[in-house]
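Listing of structure_4.cif, mmCIF, C-alpha atoms and all ligand atoms
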```cif
data_upload
#
loop_
_atom_site.label_atom_id
_atom_site.label_comp_id
_atom_site.auth_asym_id
_atom_site.auth_seq_id
_atom_site.Cartn_x
_atom_site.Cartn_y
_atom_site.Cartn_z
CA MET A 1 -24.16 -6.28 33.09
CA ALA A 2 -24.09 -6.65 29.35
CA GLU A 3 -22.81 -9.93 28.07
CA LEU A 4 -23.26 -10.37 24.34
CA LYS A 5 -23.39 -13.86 22.93
CA LEU A 6 -23.57 -15.24 19.38
CA ASP A 7 -24.44 -18.92 19.05
CA ASP A 8 -23.98 -20.61 15.66
CA VAL A 9 -24.98 -17.44 13.84
CA THR A 10 -25.22 -17.73 10.06
CA LYS A 11 -26.21 -15.12 7.49
CA ARG A 12 -27.16 -16.10 3.95
CA PHE A 13 -27.94 -13.57 1.25
CA GLY A 14 -30.10 -14.64 -1.70
CA ASP A 15 -32.71 -17.35 -1.87
CA GLY A 16 -31.46 -19.62 -4.61
CA GLY A 17 -28.83 -22.32 -4.90
CA ASP A 18 -26.07 -19.73 -5.23
CA ASP A 19 -26.57 -18.08 -1.86
CA ILE A 20 -23.76 -16.00 -0.44
CA ILE A 21 -22.88 -17.18 3.04
CA ALA A 22 -21.61 -13.92 4.54
CA VAL A 23 -21.28 -15.28 8.08
CA ASP A 24 -20.92 -19.01 8.62
CA ASP A 25 -21.79 -20.55 11.99
CA ALA A 26 -20.15 -17.91 14.19
CA SER A 27 -20.09 -18.41 17.96
CA LEU A 28 -18.69 -15.65 20.10
CA ASP A 29 -18.95 -14.57 23.72
CA VAL A 30 -18.24 -10.92 24.54
CA ALA A 31 -17.85 -10.42 28.28
CA ASP A 32 -19.39 -7.55 30.21
CA GLY A 33 -17.19 -4.46 29.70
CA GLU A 34 -14.94 -6.17 27.18
CA PHE A 35 -13.47 -4.43 24.10
CA LEU A 36 -13.62 -7.05 21.37
CA VAL A 37 -12.22 -6.30 17.93
CA LEU A 38 -13.61 -8.12 14.92
CA VAL A 39 -10.89 -8.07 12.27
CA GLY A 40 -10.40 -9.58 8.82
CA PRO A 41 -9.91 -8.74 5.14
CA SER A 42 -12.47 -6.95 2.99
CA GLY A 43 -15.64 -8.96 2.41
CA CYS A 44 -15.04 -11.48 5.22
CA GLY A 45 -18.34 -10.68 6.95
CA LYS A 46 -17.38 -8.15 9.65
CA SER A 47 -20.05 -5.54 8.90
CA THR A 48 -22.72 -8.19 8.41
CA THR A 49 -21.94 -9.61 11.85
CA LEU A 50 -22.18 -6.16 13.41
CA ARG A 51 -25.38 -5.32 11.55
CA MET A 52 -27.00 -8.53 12.79
CA ILE A 53 -26.08 -7.61 16.38
CA ALA A 54 -27.54 -4.13 15.84
CA GLY A 55 -30.69 -5.58 14.30
CA LEU A 56 -30.14 -3.90 10.94
CA GLU A 57 -29.87 -7.31 9.28
CA SER A 58 -31.85 -10.44 10.10
CA VAL A 59 -30.16 -13.65 11.25
CA SER A 60 -30.59 -16.68 8.92
CA SER A 61 -29.96 -19.16 11.74
CA GLY A 62 -28.53 -19.18 15.25
CA THR A 63 -29.16 -16.82 18.16
CA ILE A 64 -27.86 -13.50 19.40
CA SER A 65 -28.43 -12.83 23.09
CA LEU A 66 -27.82 -10.02 25.54
CA ASP A 67 -27.49 -11.10 29.17
CA GLY A 68 -29.07 -14.43 28.37
CA THR A 69 -32.12 -13.04 26.52
CA THR A 70 -32.42 -13.76 22.82
CA ILE A 71 -32.69 -10.50 20.86
CA ASN A 72 -32.99 -11.93 17.31
CA ASP A 73 -36.46 -10.48 16.82
CA ARG A 74 -36.05 -7.23 18.74
CA GLN A 75 -36.22 -3.97 16.79
CA PRO A 76 -32.90 -2.06 16.57
CA ALA A 77 -34.28 0.73 18.79
CA ASP A 78 -35.19 -1.77 21.50
CA ARG A 79 -31.81 -3.44 21.74
CA ASP A 80 -30.06 -0.91 24.00
CA ILE A 81 -27.18 -0.86 21.52
CA ALA A 82 -25.50 2.22 19.97
CA MET A 83 -23.71 1.96 16.65
CA VAL A 84 -21.00 4.27 15.31
CA PHE A 85 -20.40 4.21 11.57
CA GLN A 86 -17.37 4.98 9.42
CA SER A 87 -19.42 7.65 7.66
CA TYR A 88 -20.36 9.35 10.99
CA ALA A 89 -24.03 9.50 9.86
CA LEU A 90 -24.71 12.91 11.45
CA TYR A 91 -27.83 14.90 10.54
CA PRO A 92 -26.46 17.79 8.43
CA HIS A 93 -29.21 20.29 9.28
CA MET A 94 -28.91 19.82 13.05
CA THR A 95 -26.35 21.36 15.38
CA VAL A 96 -23.94 19.17 17.29
CA ARG A 97 -26.12 19.56 20.39
CA GLU A 98 -29.23 18.51 18.45
CA ASN A 99 -27.43 15.58 16.85
CA MET A 100 -26.39 14.37 20.28
CA SER A 101 -29.73 14.87 22.06
CA PHE A 102 -32.01 13.66 19.26
CA GLY A 103 -31.87 9.96 20.20
CA LEU A 104 -32.66 10.65 23.85
CA GLU A 105 -35.56 12.95 23.03
CA GLU A 106 -37.04 10.35 20.69
CA SER A 107 -36.64 7.27 22.79
CA THR A 108 -36.94 8.31 26.44
CA GLU A 109 -39.09 10.36 28.73
CA MET A 110 -36.00 12.06 30.11
CA PRO A 111 -36.56 15.70 31.20
CA ASP A 112 -34.89 18.37 29.05
CA ASP A 113 -32.44 19.54 31.69
CA GLU A 114 -31.23 15.99 32.26
CA ILE A 115 -30.75 15.53 28.50
CA ARG A 116 -28.77 18.78 28.45
CA ASP A 117 -26.53 17.55 31.27
CA GLN A 118 -25.95 14.19 29.57
CA VAL A 119 -25.06 15.88 26.26
CA GLU A 120 -22.69 18.28 27.97
CA SER A 121 -20.91 15.59 29.91
CA ALA A 122 -20.52 13.42 26.77
CA ALA A 123 -19.27 16.48 24.87
CA GLU A 124 -16.74 17.12 27.61
CA MET A 125 -15.61 13.51 27.49
CA MET A 126 -15.00 13.82 23.73
CA GLY A 127 -13.49 17.34 24.02
CA ILE A 128 -16.14 18.99 21.84
CA GLU A 129 -17.84 21.34 24.37
CA GLN A 130 -16.98 24.37 22.22
CA LEU A 131 -18.58 22.87 19.13
CA LEU A 132 -22.10 22.26 20.43
CA ASP A 133 -23.71 25.06 18.42
CA ARG A 134 -22.06 24.29 15.09
CA THR A 135 -23.48 22.14 12.31
CA PRO A 136 -21.55 19.15 10.91
CA SER A 137 -20.46 21.07 7.78
CA GLU A 138 -18.57 23.47 10.07
CA LEU A 139 -16.48 20.64 11.55
CA SER A 140 -13.37 18.75 10.47
CA GLY A 141 -13.57 14.99 9.88
CA GLY A 142 -11.97 14.30 13.26
CA GLN A 143 -14.45 16.59 15.03
CA GLN A 144 -17.38 14.95 13.24
CA GLN A 145 -16.15 11.57 14.40
CA ARG A 146 -16.00 12.85 17.99
CA VAL A 147 -19.60 14.02 17.68
CA ALA A 148 -20.65 10.60 16.36
CA LEU A 149 -18.94 8.96 19.34
CA GLY A 150 -20.41 11.54 21.73
CA ARG A 151 -23.87 10.78 20.38
CA ALA A 152 -23.32 7.07 21.12
CA ILE A 153 -22.10 7.83 24.67
CA VAL A 154 -25.09 10.05 25.49
CA ARG A 155 -27.46 7.14 25.18
CA SER A 156 -25.45 5.12 27.77
CA PRO A 157 -26.25 1.92 25.94
CA ALA A 158 -25.49 -1.61 27.11
CA VAL A 159 -23.32 -2.23 24.03
CA PHE A 160 -21.31 -0.09 21.60
CA LEU A 161 -20.89 -1.33 18.04
CA MET A 162 -18.29 0.49 15.97
CA ASP A 163 -17.77 -0.12 12.24
CA GLU A 164 -14.35 1.19 11.17
CA PRO A 165 -15.01 4.49 12.99
CA LEU A 166 -11.50 5.84 12.47
CA SER A 167 -10.81 4.91 8.86
CA ASN A 168 -11.63 8.35 7.41
CA LEU A 169 -9.08 10.08 9.62
CA ASP A 170 -5.43 10.75 8.76
CA ALA A 171 -2.78 8.50 10.32
CA LYS A 172 -1.80 10.80 13.18
CA LEU A 173 -5.35 11.63 14.23
CA ARG A 174 -6.27 7.97 13.90
CA SER A 175 -3.64 6.86 16.38
CA GLN A 176 -4.59 9.68 18.78
CA MET A 177 -8.29 8.74 18.55
CA ARG A 178 -7.45 5.07 19.11
CA THR A 179 -6.01 5.91 22.51
CA GLU A 180 -8.88 8.24 23.38
CA LEU A 181 -11.47 5.71 22.36
CA GLN A 182 -9.84 3.03 24.47
CA ARG A 183 -9.72 5.37 27.46
CA MET A 184 -13.34 6.33 26.96
CA GLN A 185 -14.41 2.70 26.71
CA GLU A 186 -12.46 1.80 29.83
CA ASP A 187 -13.95 4.70 31.80
CA LEU A 188 -17.48 3.83 30.75
CA GLY A 189 -16.97 0.06 30.96
CA VAL A 190 -19.42 -0.51 28.10
CA THR A 191 -19.21 -3.84 26.26
CA THR A 192 -17.85 -2.96 22.80
CA VAL A 193 -17.54 -4.73 19.46
CA TYR A 194 -15.23 -2.82 17.14
CA VAL A 195 -14.80 -3.71 13.47
CA THR A 196 -11.64 -3.00 11.50
CA HIS A 197 -9.66 -4.51 8.62
CA ASP A 198 -6.47 -3.07 10.12
CA GLN A 199 -4.54 -5.63 12.13
CA THR A 200 -2.47 -2.95 13.90
CA GLU A 201 -5.65 -1.31 15.15
CA ALA A 202 -6.93 -4.71 16.28
CA MET A 203 -3.70 -5.61 18.06
CA THR A 204 -3.43 -2.29 19.89
CA MET A 205 -7.08 -1.81 20.88
CA GLY A 206 -8.66 -5.17 21.62
CA ASP A 207 -8.85 -6.96 24.97
CA ARG A 208 -9.43 -9.86 22.60
CA ILE A 209 -9.59 -10.08 18.84
CA ALA A 210 -11.85 -12.25 16.72
CA ILE A 211 -10.26 -12.97 13.35
CA LEU A 212 -12.68 -13.64 10.52
CA ASP A 213 -11.96 -14.96 7.03
CA ASP A 214 -14.49 -15.86 4.36
CA GLY A 215 -17.38 -15.73 6.84
CA ARG A 216 -15.74 -18.07 9.35
CA LEU A 217 -14.20 -17.20 12.70
CA GLN A 218 -10.60 -18.37 12.58
CA GLN A 219 -9.54 -17.61 16.14
CA VAL A 220 -10.76 -15.62 19.14
CA ALA A 221 -7.86 -14.76 21.42
CA THR A 222 -5.91 -11.99 23.11
CA PRO A 223 -3.69 -10.07 20.67
CA LEU A 224 -0.58 -11.70 22.11
CA GLU A 225 -2.01 -15.21 21.83
CA ALA A 226 -2.97 -14.60 18.21
CA TYR A 227 0.55 -13.34 17.52
CA HIS A 228 2.48 -16.05 19.38
CA GLU A 229 0.11 -18.97 18.95
CA PRO A 230 -1.85 -18.46 15.74
CA ALA A 231 -4.45 -21.21 15.31
CA ASN A 232 -3.76 -21.57 11.62
CA ARG A 233 -1.83 -20.27 8.67
CA PHE A 234 -4.39 -17.60 7.84
CA VAL A 235 -4.16 -16.00 11.30
CA ALA A 236 -0.36 -16.32 11.23
CA GLY A 237 -0.17 -14.43 7.94
CA PHE A 238 -2.80 -11.84 8.84
CA ILE A 239 -1.37 -10.77 12.20
CA GLY A 240 2.06 -9.10 12.09
CA GLU A 241 3.72 -6.57 9.82
CA PRO A 242 5.58 -7.43 7.61
CA SER A 243 3.74 -10.75 7.35
CA MET A 244 5.15 -14.04 8.50
CA ASN A 245 7.37 -15.81 5.91
CA PHE A 246 6.09 -19.19 4.74
CA PHE A 247 8.03 -22.05 3.15
CA GLU A 248 6.45 -25.24 1.79
CA MET A 249 8.36 -28.26 3.11
CA ASP A 250 8.28 -32.07 3.04
CA VAL A 251 8.96 -34.04 6.20
CA GLU A 252 11.77 -36.58 5.64
CA ASN A 253 13.60 -38.46 8.40
CA GLY A 254 13.11 -35.78 11.01
CA HIS A 255 14.06 -32.97 8.65
CA LEU A 256 12.01 -30.42 6.80
CA VAL A 257 13.13 -30.48 3.21
CA GLY A 258 12.29 -27.53 1.00
CA GLU A 259 13.28 -26.18 -2.37
CA ASN A 260 16.13 -24.12 -0.98
CA PHE A 261 17.03 -25.50 2.39
CA ASP A 262 16.96 -28.45 4.71
CA TYR A 263 15.88 -27.82 8.30
CA PRO A 264 16.63 -30.45 10.98
CA LEU A 265 14.06 -30.75 13.77
CA SER A 266 14.51 -31.59 17.42
CA GLU A 267 12.77 -34.57 18.98
CA GLY A 268 10.05 -32.40 20.56
CA THR A 269 9.12 -30.64 17.33
CA ARG A 270 9.03 -33.95 15.45
CA ARG A 271 6.53 -35.26 17.96
CA ASP A 272 4.25 -32.26 17.34
CA LEU A 273 4.20 -33.07 13.62
CA GLY A 274 2.70 -36.53 14.16
CA ASP A 275 2.51 -38.25 10.81
CA ALA A 276 2.23 -35.08 8.70
CA THR A 277 4.30 -35.35 5.52
CA ASP A 278 3.63 -31.98 4.01
CA VAL A 279 3.96 -28.87 6.19
CA THR A 280 4.32 -25.12 5.93
CA LEU A 281 7.17 -23.62 7.91
CA GLY A 282 6.41 -20.11 9.14
CA VAL A 283 8.83 -17.65 10.65
CA ARG A 284 8.21 -14.04 11.58
CA PRO A 285 10.55 -11.43 10.07
CA GLU A 286 11.41 -10.15 13.56
CA ASP A 287 12.48 -13.66 14.66
CA ILE A 288 15.07 -14.09 11.88
CA GLU A 289 18.62 -13.10 12.88
CA LEU A 290 21.45 -12.14 10.58
CA VAL A 291 24.65 -13.66 11.98
CA ASP A 292 28.35 -13.42 11.14
CA ALA A 293 30.09 -15.98 8.96
CA VAL A 294 32.23 -17.41 11.76
CA GLU A 295 29.23 -17.98 13.92
CA GLY A 296 26.95 -18.89 11.07
CA ASP A 297 27.46 -22.58 10.58
CA GLY A 298 24.68 -23.82 12.82
CA GLU A 299 22.13 -26.24 11.43
CA HIS A 300 19.49 -23.49 11.29
CA ASP A 301 21.77 -20.93 9.59
CA PHE A 302 21.39 -20.42 5.84
CA ARG A 303 23.44 -18.56 3.25
CA THR A 304 21.53 -15.81 1.54
CA VAL A 305 22.07 -12.68 -0.53
CA VAL A 306 20.49 -9.34 0.36
CA ASP A 307 18.01 -8.31 -2.32
CA VAL A 308 16.41 -5.10 -1.05
CA VAL A 309 16.84 -3.08 2.15
CA GLU A 310 13.81 -1.10 3.30
CA PRO A 311 14.51 1.35 6.15
CA VAL A 312 11.68 1.54 8.68
CA GLY A 313 13.06 4.08 11.14
CA SER A 314 13.92 1.85 14.07
CA GLY A 315 15.71 -0.61 11.77
CA ASN A 316 15.43 -2.26 8.38
CA ASN A 317 13.27 -4.79 6.60
CA VAL A 318 15.86 -6.84 4.76
CA TYR A 319 14.63 -8.94 1.82
CA LEU A 320 16.81 -12.01 1.33
CA ALA A 321 17.18 -14.67 -1.36
CA PHE A 322 18.75 -18.06 -0.73
CA GLU A 323 22.27 -18.20 -2.14
CA GLY A 324 22.48 -20.35 -5.23
CA ASP A 325 18.77 -20.20 -5.91
CA GLU A 326 19.08 -20.28 -9.71
CA SER A 327 15.58 -19.05 -10.30
CA VAL A 328 16.33 -15.95 -8.30
CA SER A 329 19.44 -14.93 -10.23
CA GLU A 330 17.78 -15.76 -13.55
CA LEU A 331 14.80 -13.61 -12.77
CA ASP A 332 16.95 -10.92 -11.24
CA MET A 333 15.73 -11.47 -7.71
CA ASP A 334 12.10 -12.31 -8.38
CA GLU A 335 10.52 -10.88 -5.26
CA SER A 336 8.12 -13.78 -4.84
CA ARG A 337 11.16 -15.91 -4.03
CA THR A 338 12.59 -13.70 -1.34
CA PHE A 339 11.78 -13.63 2.36
CA VAL A 340 12.05 -10.81 4.83
CA ALA A 341 13.92 -10.28 8.08
CA THR A 342 13.39 -7.25 10.33
CA ILE A 343 16.68 -6.14 11.78
CA GLY A 344 16.72 -3.50 14.50
CA GLY A 345 19.35 -0.82 15.08
CA LEU A 346 21.62 1.03 12.72
CA ARG A 347 23.51 -1.94 11.31
CA ARG A 348 24.73 -1.23 7.80
CA ILE A 349 23.28 -3.68 5.31
CA GLU A 350 23.40 -3.26 1.54
CA ALA A 351 21.75 -4.92 -1.40
CA GLY A 352 23.94 -7.56 -3.06
CA GLN A 353 25.90 -8.45 0.06
CA PRO A 354 25.95 -12.02 1.36
CA ALA A 355 24.19 -12.62 4.68
CA ILE A 356 23.67 -15.64 6.91
CA ALA A 357 20.08 -15.93 8.09
CA ARG A 358 19.32 -17.82 11.28
CA LEU A 359 15.82 -19.26 11.68
CA PRO A 360 15.87 -20.31 15.36
CA GLU A 361 13.89 -23.45 16.06
CA ASP A 362 12.16 -21.96 19.10
CA ALA A 363 10.67 -19.25 16.87
CA ILE A 364 9.32 -21.34 14.01
CA HIS A 365 5.65 -22.18 13.43
CA LEU A 366 4.54 -25.30 11.58
CA PHE A 367 1.21 -25.70 9.83
CA ASP A 368 -0.43 -28.68 8.18
CA GLY A 369 0.29 -28.29 4.45
CA GLU A 370 -3.29 -29.17 3.51
CA THR A 371 -5.56 -27.80 6.23
CA GLY A 372 -3.33 -24.93 7.41
CA GLU A 373 -4.00 -25.88 11.07
CA ALA A 374 -1.16 -25.11 13.47
CA LEU A 375 0.87 -28.21 14.42
CA HIS A 376 3.65 -26.52 16.38
P1 LIG A 401 -15.48 -4.62 4.20
O1 LIG A 401 -14.31 -4.59 5.13
O2 LIG A 401 -15.07 -4.53 2.76
O3 LIG A 401 -16.59 -3.69 4.58
P2 LIG A 401 -16.81 -6.88 5.48
O4 LIG A 401 -15.87 -7.83 6.11
O5 LIG A 401 -17.50 -5.92 6.38
O6 LIG A 401 -16.10 -6.12 4.29
P3 LIG A 401 -19.46 -7.68 4.67
O7 LIG A 401 -19.87 -6.32 4.23
O8 LIG A 401 -20.01 -8.19 5.93
O9 LIG A 401 -17.87 -7.79 4.70
O10 LIG A 401 -19.80 -8.67 3.49
C1 LIG A 401 -19.62 -10.09 3.59
C2 LIG A 401 -20.07 -10.76 2.30
O11 LIG A 401 -21.47 -10.65 2.17
C3 LIG A 401 -19.48 -10.17 1.04
O12 LIG A 401 -19.24 -11.21 0.14
C4 LIG A 401 -20.57 -9.26 0.55
O13 LIG A 401 -20.49 -9.10 -0.84
C5 LIG A 401 -21.82 -10.00 0.96
N1 LIG A 401 -22.95 -9.10 1.23
C6 LIG A 401 -23.01 -8.12 2.17
N2 LIG A 401 -24.21 -7.51 2.15
C7 LIG A 401 -24.93 -8.12 1.17
C8 LIG A 401 -26.26 -7.94 0.66
N3 LIG A 401 -27.10 -7.04 1.16
N4 LIG A 401 -26.65 -8.75 -0.36
C9 LIG A 401 -25.82 -9.69 -0.86
N5 LIG A 401 -24.57 -9.90 -0.42
C10 LIG A 401 -24.11 -9.14 0.58
#
```

Once you've parsed the file, please lay out its structure as structure tokens.
Ligand code: ATP
Amino acid sequence: MAELKLDDVTKRFGDGGDDIIAVDDASLDVADGEFLVLVGPSGCGKSTTLRMIAGLESVSSGTISLDGTTINDRQPADRDIAMVFQSYALYPHMTVRENMSFGLEESTEMPDDEIRDQVESAAEMMGIEQLLDRTPSELSGGQQQRVALGRAIVRSPAVFLMDEPLSNLDAKLRSQMRTELQRMQEDLGVTTVYVTHDQTEAMTMGDRIAILDDGRLQQVATPLEAYHEPANRFVAGFIGEPSMNFFEMDVENGHLVGENFDYPLSEGTRRDLGDATDVTLGVRPEDIELVDAVEGDGEHDFRTVVDVVEPVGSGNNVYLAFEGDESVSELDMDESRTFVATIGGLRRIEAGQPAIARLPEDAIHLFDGETGEALH
């Protein structure tokens, strides 16, 4: 069992009035064997959270516990936690075997032959058996990362903490290592907290993801929940590629009224809005359809002009501007005024052509214009 729990954890740096609050009142429960990904933009407090769990940074207030026991004051070496860093942090003068066995030799009474067996089985798991006698300078970046992971496995800790462990690898190796890491974690069943700023990595790897912005946890959910039911506008914009489109709208007589279009709402959606008067309409690029003119006179169909077409292999990202939007033609399609639709298949779409965009009501998200909280 290794259940990791954060209760109202805050980290302040500095001791004056202008403290930096790096982590603000974070509460998080990581279940035994779970792979939890902590994701958010640069500077949001991911590494600080991880470093507090590892014991490399003190906690300003709140508690961190492992299986119900508070570990706030425990030394890093006594926490039964192994951390893997982006920089690998291997000892350059030691061989791979020495790098992997060092921790065990220092911290346990384990006999040498048992250490050797543990190192060899971890090396086999990471596919680096042939590299045991080399030093880190004789290895590629990908191999070094495997050694760093192998070293964490050898200790069979209660918890793995990983801080952007794949970000120094090229794209192909990164996606291969993602799968391997997930398999390894599943086989070992070790509770894992994995930090990344990459939402694709978070979505593909996490049993659940914890989305952090400006020191505050925004939502903790499965990847699909975060995608389909984002708790607020920040999460909605952060998860998904290309990002969700947002339009600022006023609520008037059961319609959303915006600068470029008027969007009638059904009874059910109106109820969800309560008495909000100012909302943000969000729609994912993949939920927008381009329909034919004959068909395109529904109340959620809008006339647009294609600005830019970006091929993405399986289809196109089509940037659209509302037809008749004067500011767009004046500024020669100012890109801040366009929105994007992802259209699958080989359909031929060219810049300058008119297109009717359908924003289906069952796919839209509505957020409070002031707080950003999800309303629908
Ligand atoms: P990145 O993805 O860029 O590594 P992050 O999400 O991991 O960012 P942190 O490194 O946790 O973010 O930093 C959170 C905030 O705390 C930032 O504003 C950072 O400048 C600040 N911070 C981190 N460490 C310290 C420190 N030792 N002293 C003062 N401020 C710090």

Show me which residues line ligand LIG 401 (chain A), defined as having an atom within 10 Å of a ligand atom where only C-alpha atoms and all ligand atoms count, and present them as a ChimeraX atom specification.
/A:11-14,19-23,38-52,57,86,163-164,195-198,212-215

Could you build a table of the residues in segment 145-180 of chain A lying no more than 7 Å from segment 187-192 of chain A, giving for each the nearest pair of atoms and their separation in Å rounded to one decimal place, using all atoms listed in the file, ordered by chain and ascending residue number, as a Markdown table?
```
| residue | atom | partner | partner_atom | distance |
| --- | --- | --- | --- | --- |
| A:Ala158 | CA | A:Val190 | CA | 6.2 |
| A:Val159 | CA | A:Thr191 | CA | 4.9 |
| A:Phe160 | CA | A:Thr192 | CA | 4.7 |
| A:Leu161 | CA | A:Thr192 | CA | 5.9 |
```

Store the residues picked out above, limited to C-alpha atoms, as a short mmCIF file (atom, residue, chain, number, x, y, z; two decimals), in the coordinates of the input.
```cif
data_model
loop_
_atom_site.label_atom_id
_atom_site.label_comp_id
_atom_site.auth_asym_id
_atom_site.auth_seq_id
_atom_site.Cartn_x
_atom_site.Cartn_y
_atom_site.Cartn_z
CA ALA A 158 -25.49 -1.61 27.11
CA VAL A 159 -23.32 -2.23 24.03
CA PHE A 160 -21.31 -0.09 21.60
CA LEU A 161 -20.89 -1.33 18.04
#
```

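As for atom CA of Leu290 of chain A and atom CA of Ile343 of chain A, they are spaced 7.8 Å apart.
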
Residues within 6 Å of Thr10 of chain A, please, as a VMD selection string. Count all atoms listed in the file; anything in the same chain fewer than 2 positions from it doesn't count.
chain A and resid 23 to 25 60 to 61

Need the shell around Pro311 of chain A: protein/DNA/RNA residues with any atom at most 10 Å away, counting all atoms listed in the file. Skip same-chain ones fewer than 5 positions apart. Format as a compact mmCIF listing (two decimals) with C-alpha atoms, in the frame of the given file?
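Everything below was put into result.txt:
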```txt
# COMPACT_ATOMS: atom_id res chain seq x y z
CA ASN A 316 15.43 -2.26 8.38
CA ASN A 317 13.27 -4.79 6.60
CA VAL A 318 15.86 -6.84 4.76
CA THR A 342 13.39 -7.25 10.33
CA ILE A 343 16.68 -6.14 11.78
CA GLY A 344 16.72 -3.50 14.50
CA LEU A 346 21.62 1.03 12.72
```

Which residues are near segment 240-252 of chain A? Cut-off 8 Å, all atoms listed in the file, ignore same chain within fewer than 5 positions. Put them as a list in words.
Gln199, Thr200, Tyr227, Val257, Gly258, Glu259, Ala276, Thr277, Asp278, Val279, Thr280, Leu281, Gly282, Val283, Arg284, Pro285, Phe339, Val340 and Gly369 of chain A

Let me see the file: selected residues, C-alpha atoms, as a PDB file, in the frame of the given file.
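And here's selection_16.pdb as it stands now:
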```
ATOM      1  CA  GLN A 199      -4.540  -5.630  12.130  1.00  0.00           C
ATOM      2  CA  THR A 200      -2.470  -2.950  13.900  1.00  0.00           C
ATOM      3  CA  TYR A 227       0.550 -13.340  17.520  1.00  0.00           C
ATOM      4  CA  VAL A 257      13.130 -30.480   3.210  1.00  0.00           C
ATOM      5  CA  GLY A 258      12.290 -27.530   1.000  1.00  0.00           C
ATOM      6  CA  GLU A 259      13.280 -26.180  -2.370  1.00  0.00           C
ATOM      7  CA  ALA A 276       2.230 -35.080   8.700  1.00  0.00           C
ATOM      8  CA  THR A 277       4.300 -35.350   5.520  1.00  0.00           C
ATOM      9  CA  ASP A 278       3.630 -31.980   4.010  1.00  0.00           C
ATOM     10  CA  VAL A 279       3.960 -28.870   6.190  1.00  0.00           C
ATOM     11  CA  THR A 280       4.320 -25.120   5.930  1.00  0.00           C
ATOM     12  CA  LEU A 281       7.170 -23.620   7.910  1.00  0.00           C
ATOM     13  CA  GLY A 282       6.410 -20.110   9.140  1.00  0.00           C
ATOM     14  CA  VAL A 283       8.830 -17.650  10.650  1.00  0.00           C
ATOM     15  CA  ARG A 284       8.210 -14.040  11.580  1.00  0.00           C
ATOM     16  CA  PRO A 285      10.550 -11.430  10.070  1.00  0.00           C
ATOM     17  CA  PHE A 339      11.780 -13.630   2.360  1.00  0.00           C
ATOM     18  CA  VAL A 340      12.050 -10.810   4.830  1.00  0.00           C
ATOM     19  CA  GLY A 369       0.290 -28.290   4.450  1.00  0.00           C
TER      20      GLY A 369
END
```

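A straight line drawn from atom CA of Pro111 of chain A to atom CA of Val96 of chain A is 19.1 Å long.
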
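Shortest atom-to-atom contact with Ile153 of chain A among A:Ser101, A:Pro165, A:Val294, A:Met177: A:Ser101, counting all atoms listed in the file.
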
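Pairwise distance (atom CA of Gly62 of chain A, atom CA of Gly33 of chain A) equals 23.5 Å.
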
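Across A:Thr63, A:Thr70, A:Ser156, A:Thr135, the tightest approach to Gly103 of chain A is made by A:Ser156 when counting all atoms listed in the file.
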
Skipping near chain neighbours, those fewer than 4 positions away, what residues fall within 7 Å of Asp32 of chain A using only C-alpha atoms, listed as a ChimeraX atom specification?
/A:1-3,191

Name all residues at most 9 Å from Glu201 of chain A (count only C-alpha atoms; drop same-chain ones fewer than 6 positions away) and give them as a PyMOL selection string.
chain A and resi 37+175+178
